[in-house]
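One structure is given below, encoded as structure tokens.
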Amino acid sequence: MSARQWSRDLAMGARFAFTGGREGWVRMLLTAVGVGLGVAVLLLATAIPNALAVRQDRETARTDLTYQYHESPLKKADDTVVVGEAGTAFRDKEVRGRELQPEGPRAPLPPGVSKFPGVGEMVVSPALKRLLQSGEGRLLRERLPERIVGTIGEPGLIGAQELAFYRGADHLVVKEGSGLVERIDRFGAGYKPSEPKDPVLVLLALVVPLVLLLPVGVFIAAAVRFGGERRDRRLAALRLVGSDSGMTRRIAAGEALAGSVAGLAFGTVFFLIVREFSGSVDLFDVSVFPGYLIPSPLLALLVAVAVPAAAVLVTLFALRGVVIEPLGVVRTAKPPRRRLWWRLLLPVGGLGLLYPMIGKDRYGRDFNQYQVTGGVLLLLVGVTALLPWVVDTVVARLGSGGVAWQLAIRRLQLSTGAAARMVNGIAVAVAGAIALQMLFSGVQGQYTKHTADDPTRAQMLADLTEGVPLARAAAEFKATRGVAKVYAYDEGRVRRTEAGNSVSVTVADCASLREVASLPSCKDGDAFAVRGGADGVNELGAAALSKAGTKLWLHASIDSPAAPRPTSWTVPTGVKQARAIADPTGYKRGGLLLTPGALPSGGAQGLNGEIYLVLDQGLAAAPDYARNTARRLGMPTDPVMLVSSKRDDTYASIRTFLFVGAACVLALIGASLLVAQLEQLRERRKLLSSLIAFGTRRRTLCLSVLWQTAIPIGLGLALATALGMTLGTALLKMTDKPVSVDWASVLSMTGTATAVVLLVTVLSLPPLVRLMRPDGLRTE
């Protein structure tokens, strides 16, 4: 067969697709919309690497504070600027903030800023400006009272919904070892530690895109077959006028090719619409500018070539078992029994590729990423190969039941292929999601660091700066809305001599001291020597600390040239013994505990204040009220939220990407199922009208449609669960983690898929009711 004959037949099929009258245009529209949805997701996927790269470049270009110790700090010059940390948080979102103090006419400007803001002024991101000008941002506005004099341009932001600001300052002083205030002569010269690639994270980054994109490809393959049964019956007319079976199949492939090309156009339009609105979307705290979403030319070309080619191949493959004769299409006869052996080769082959990777050195060269990719693909594609056989086998054995059940079963027995095509995408998505959930659950302990914090005892910790008296800060926080309790401490050190070894000393009232030590009794004026703390009394000796009249020296907990001189303190009579217990951060204080009455006059000078806040859990804005109080007190940073665990940034980014991608794929699956359901209802319009004309109840037909959807979905989810757990087990073995099944995640995945199917079924009921009319039998 010559290429010329192929092209001529394909072109004839394309003409039939566009000249088939109203029926042909509806079929073309359904195919184009279905393929277009998948193409839009593929184009979005090809644009994500560029978006991530641009975000990283923007973050690097604006780097200022490195939070590192510099042995040779810059000297003040006319081309330097002092940058101070001024970030905060609002609700659960981070607000990036910097204070700028230019030191000369050639001081560098941050990216996206055209002019330095003066003292009392600030430039903000567009999203932050909208927030501050709305009633929702009232609490944040109290922390940022400066006058807005401009907005940060796109080059200075990593996302359209990022909250960021720069404000002017004239009080910044660079302190050695601080890290919160630095002098720089250019932006973008940040500290970049070189870290080896973690093989588990590489595996996650490899598997996640495969799991997210494979259902899209499965759906595109199903979309090009929309209207397949009716189209194949029309092809019998071509045999009647003289075409052979090969030519007929090529013409059918040409129709599918036309639909896929139209789908490319639809997909491009859908992608441009999504791209335009992407700037107003913030998914899991990740946002982009529309200009970030530029598909890779090579990948976009691959999509443009692969989708039409897949349409032709899928059509030819689907018609291999259909006999198209001049008098009709032999499709409705009992189909031949599907063979199982070659379908099992796919998942078995996938396991065969993954098995050699178990126990390999993932840091070495023997860890083949292409082999892992192939194994994952074969296992997931195995779902699409096995599902038609499973549906065929199970449906063939289903027996008697009500009228609705009989109608559904008979329909499924006649077209198990169509039923399997409809649920293939969601089955692959669920299988991949279950495997990923198992993998994430298995490795999360490796990337989740459990802290010693106890958020049940206190939720925030405020470190007071020099010049902020503890008593005043404690009173302010106690009066703050949403703060239920306050535990306030002054921290310092005590020595036998002015320059000897030291132990810690903590000054607080009795209620606060009971949170850090087990006390026999307590009243103002008491002093306690603590045993069992991290800073034990054995360094000085319990007798020395307990002996009345011993002269000790109180000084700040951190030695610095600006610290006040040590204050002498004489051990009072009756120092009590206490046992240390962990504070809300897990630290056990040792040394001495003093009530304010035991402290000598002037002894609090130079001590560092620390306040634990217990918040009202019923008030969501309680942390923001506490942050506002901290800023009124002159604290440069917010109180720290106490959390029980922290996740690795790279691991958290991959997990966020999974959630964002899963949301997009879930939306695609819902849309694809709806389009497929509408296409099947359209093809059965005359059959439904005939049943209504013979007196079948609408309720019965609606239940039959529900059963036709529920049975394949149930079988697909069962198969997806089995293969998903198999893939998850293999991936966990590759990461050398114990195999465990997160049944809550499995149930959530299958439950979500079931909810999507039920929603699609409900949305398809109105068109179904409109089709169930006797006048649908009319024809021209």
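By convention here, the chains of the structure tokens are called A, B, ... in the order presented, each chain's residues are numbered starting at 1, and ligands are numbered starting at 1 in the order presented.
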As a ChimeraX atom specification, please: the residues near Glu99 in chain A (cut-off 8 Å, only C-alpha atoms, same-chain neighbours under 2 positions excluded). /A:83-86,97,101,166-169
Go ahead and save the residues from that selection, with N, CA, C and O atoms, as a PDB file, in the first residue's frame.
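Contents of the output file out12.pdb:
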ATOM      1  N   VAL A  83      19.734  45.557  54.149  1.00  0.00           N
ATOM      2  CA  VAL A  83      18.455  44.859  54.023  1.00  0.00           C
ATOM      3  C   VAL A  83      18.143  44.181  55.348  1.00  0.00           C
ATOM      4  O   VAL A  83      19.009  43.519  55.935  1.00  0.00           O
ATOM      5  N   GLY A  84      16.935  44.361  55.827  1.00  0.00           N
ATOM      6  CA  GLY A  84      16.512  43.744  57.079  1.00  0.00           C
ATOM      7  C   GLY A  84      15.295  42.866  56.878  1.00  0.00           C
ATOM      8  O   GLY A  84      14.430  43.149  56.034  1.00  0.00           O
ATOM      9  N   GLU A  85      15.234  41.775  57.630  1.00  0.00           N
ATOM     10  CA  GLU A  85      14.084  40.869  57.596  1.00  0.00           C
ATOM     11  C   GLU A  85      12.867  41.564  58.199  1.00  0.00           C
ATOM     12  O   GLU A  85      12.935  42.115  59.296  1.00  0.00           O
ATOM     13  N   ALA A  86      11.747  41.555  57.467  1.00  0.00           N
ATOM     14  CA  ALA A  86      10.512  42.161  57.959  1.00  0.00           C
ATOM     15  C   ALA A  86       9.303  41.307  57.627  1.00  0.00           C
ATOM     16  O   ALA A  86       8.170  41.792  57.669  1.00  0.00           O
ATOM     17  N   GLY A  97       8.688  40.015  53.456  1.00  0.00           N
ATOM     18  CA  GLY A  97       8.897  41.431  53.705  1.00  0.00           C
ATOM     19  C   GLY A  97      10.360  41.756  53.942  1.00  0.00           C
ATOM     20  O   GLY A  97      11.096  40.974  54.542  1.00  0.00           O
ATOM     21  N   GLN A 101      17.435  50.119  53.356  1.00  0.00           N
ATOM     22  CA  GLN A 101      18.097  51.342  53.804  1.00  0.00           C
ATOM     23  C   GLN A 101      19.278  51.615  52.871  1.00  0.00           C
ATOM     24  O   GLN A 101      20.392  51.164  53.095  1.00  0.00           O
ATOM     25  N   TYR A 166       8.311  45.735  50.251  1.00  0.00           N
ATOM     26  CA  TYR A 166       9.553  46.376  50.660  1.00  0.00           C
ATOM     27  C   TYR A 166       9.167  47.704  51.308  1.00  0.00           C
ATOM     28  O   TYR A 166       8.341  48.441  50.756  1.00  0.00           O
ATOM     29  N   ARG A 167       9.756  48.017  52.462  1.00  0.00           N
ATOM     30  CA  ARG A 167       9.484  49.301  53.093  1.00  0.00           C
ATOM     31  C   ARG A 167      10.796  49.986  53.458  1.00  0.00           C
ATOM     32  O   ARG A 167      11.831  49.338  53.666  1.00  0.00           O
ATOM     33  N   GLY A 168      10.731  51.330  53.502  1.00  0.00           N
ATOM     34  CA  GLY A 168      11.918  52.110  53.805  1.00  0.00           C
ATOM     35  C   GLY A 168      12.263  52.072  55.281  1.00  0.00           C
ATOM     36  O   GLY A 168      11.393  51.892  56.140  1.00  0.00           O
ATOM     37  N   ALA A 169      13.549  52.260  55.581  1.00  0.00           N
ATOM     38  CA  ALA A 169      14.016  52.241  56.972  1.00  0.00           C
ATOM     39  C   ALA A 169      15.223  53.158  57.100  1.00  0.00           C
ATOM     40  O   ALA A 169      15.902  53.472  56.114  1.00  0.00           O
TER      41      ALA A 169
END
Skip Arg472 in chain A itself and residues of its chain fewer than 5 positions away, then list as a ChimeraX atom specification all residues within 10 Å of it, counting only C-alpha atoms. /A:477-478,633
Take the residues from that selection and put them in a file with all heavy atoms, as a PDB file, in the first residue's frame.
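Printed below is out_7.pdb as written:
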ATOM      1  N   PHE A 477       0.414  41.086  75.940  1.00  0.00           N
ATOM      2  CA  PHE A 477      -0.079  39.833  75.373  1.00  0.00           C
ATOM      3  C   PHE A 477      -1.301  39.310  76.141  1.00  0.00           C
ATOM      4  O   PHE A 477      -2.216  38.743  75.535  1.00  0.00           O
ATOM      5  CB  PHE A 477       1.026  38.777  75.365  1.00  0.00           C
ATOM      6  CG  PHE A 477       1.981  38.898  74.198  1.00  0.00           C
ATOM      7  CD1 PHE A 477       3.326  39.181  74.406  1.00  0.00           C
ATOM      8  CD2 PHE A 477       1.532  38.732  72.900  1.00  0.00           C
ATOM      9  CE1 PHE A 477       4.202  39.300  73.340  1.00  0.00           C
ATOM     10  CE2 PHE A 477       2.397  38.851  71.815  1.00  0.00           C
ATOM     11  CZ  PHE A 477       3.740  39.130  72.044  1.00  0.00           C
ATOM     12  N   LYS A 478      -1.309  39.487  77.458  1.00  0.00           N
ATOM     13  CA  LYS A 478      -2.476  39.054  78.235  1.00  0.00           C
ATOM     14  C   LYS A 478      -3.733  39.800  77.821  1.00  0.00           C
ATOM     15  O   LYS A 478      -4.835  39.244  77.859  1.00  0.00           O
ATOM     16  CB  LYS A 478      -2.208  39.266  79.725  1.00  0.00           C
ATOM     17  CG  LYS A 478      -1.280  38.252  80.352  1.00  0.00           C
ATOM     18  CD  LYS A 478      -1.060  38.537  81.836  1.00  0.00           C
ATOM     19  CE  LYS A 478      -0.108  37.525  82.463  1.00  0.00           C
ATOM     20  NZ  LYS A 478       0.160  37.832  83.902  1.00  0.00           N
ATOM     21  N   LEU A 633       4.918  46.137  70.180  1.00  0.00           N
ATOM     22  CA  LEU A 633       5.982  46.137  71.179  1.00  0.00           C
ATOM     23  C   LEU A 633       7.356  46.428  70.579  1.00  0.00           C
ATOM     24  O   LEU A 633       8.337  46.565  71.309  1.00  0.00           O
ATOM     25  CB  LEU A 633       6.031  44.770  71.880  1.00  0.00           C
ATOM     26  CG  LEU A 633       4.860  44.452  72.812  1.00  0.00           C
ATOM     27  CD1 LEU A 633       4.880  42.977  73.215  1.00  0.00           C
ATOM     28  CD2 LEU A 633       4.917  45.334  74.054  1.00  0.00           C
TER      29      LEU A 633
END
I'd like the interatomic distance between CA of Leu201 in chain A and CA of Ile158 in chain A, to a tenth of an Å.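 According to the coordinates, CA of Leu201 in chain A and CA of Ile158 in chain A are separated by 23.0 Å.
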Tell me which protein, DNA and RNA residues are within 7 Å of range 128-145 of chain A, counting only C-alpha atoms, leaving out same-chain ones fewer than 4 positions away, and put them as a PyMOL selection string. chain A and resi 90+124+163-164+624+628+631
Residues of the last selection are to be written out with N, CA, C and O atoms, as an mmCIF file, in the first residue's frame.
data_model
loop_
_atom_site.group_PDB
_atom_site.id
_atom_site.type_symbol
_atom_site.label_atom_id
_atom_site.label_comp_id
_atom_site.auth_asym_id
_atom_site.auth_seq_id
_atom_site.Cartn_x
_atom_site.Cartn_y
_atom_site.Cartn_z
ATOM 1 N N PHE A 90 0.079 35.921 57.577
ATOM 2 C CA PHE A 90 -1.330 36.286 57.732
ATOM 3 C C PHE A 90 -2.147 35.030 57.515
ATOM 4 O O PHE A 90 -2.108 34.426 56.447
ATOM 5 N N VAL A 124 4.395 47.253 47.425
ATOM 6 C CA VAL A 124 3.795 45.948 47.722
ATOM 7 C C VAL A 124 3.477 45.219 46.427
ATOM 8 O O VAL A 124 3.403 45.817 45.347
ATOM 9 N N LEU A 163 2.332 37.327 48.328
ATOM 10 C CA LEU A 163 2.215 38.474 49.224
ATOM 11 C C LEU A 163 3.630 38.908 49.598
ATOM 12 O O LEU A 163 4.375 38.155 50.231
ATOM 13 N N ALA A 164 4.011 40.119 49.183
ATOM 14 C CA ALA A 164 5.374 40.601 49.416
ATOM 15 C C ALA A 164 5.373 42.120 49.506
ATOM 16 O O ALA A 164 4.493 42.794 48.958
ATOM 17 N N ASP A 624 -2.939 36.098 64.446
ATOM 18 C CA ASP A 624 -2.728 37.432 63.865
ATOM 19 C C ASP A 624 -2.858 38.527 64.916
ATOM 20 O O ASP A 624 -2.135 39.523 64.869
ATOM 21 N N ASN A 628 0.173 41.150 65.796
ATOM 22 C CA ASN A 628 -0.002 42.606 65.862
ATOM 23 C C ASN A 628 0.533 43.164 67.174
ATOM 24 O O ASN A 628 1.171 44.222 67.210
ATOM 25 N N ARG A 631 4.316 43.404 67.046
ATOM 26 C CA ARG A 631 4.815 44.547 66.284
ATOM 27 C C ARG A 631 4.619 45.849 67.059
ATOM 28 O O ARG A 631 5.431 46.766 66.971
#
Which is closest to Leu658 in chain A among A:Ile273, A:Ala309, A:Ala433, A:Ala408, if we use only C-alpha atoms?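 Smallest distance to Leu658 in chain A is found for A:Ala433.
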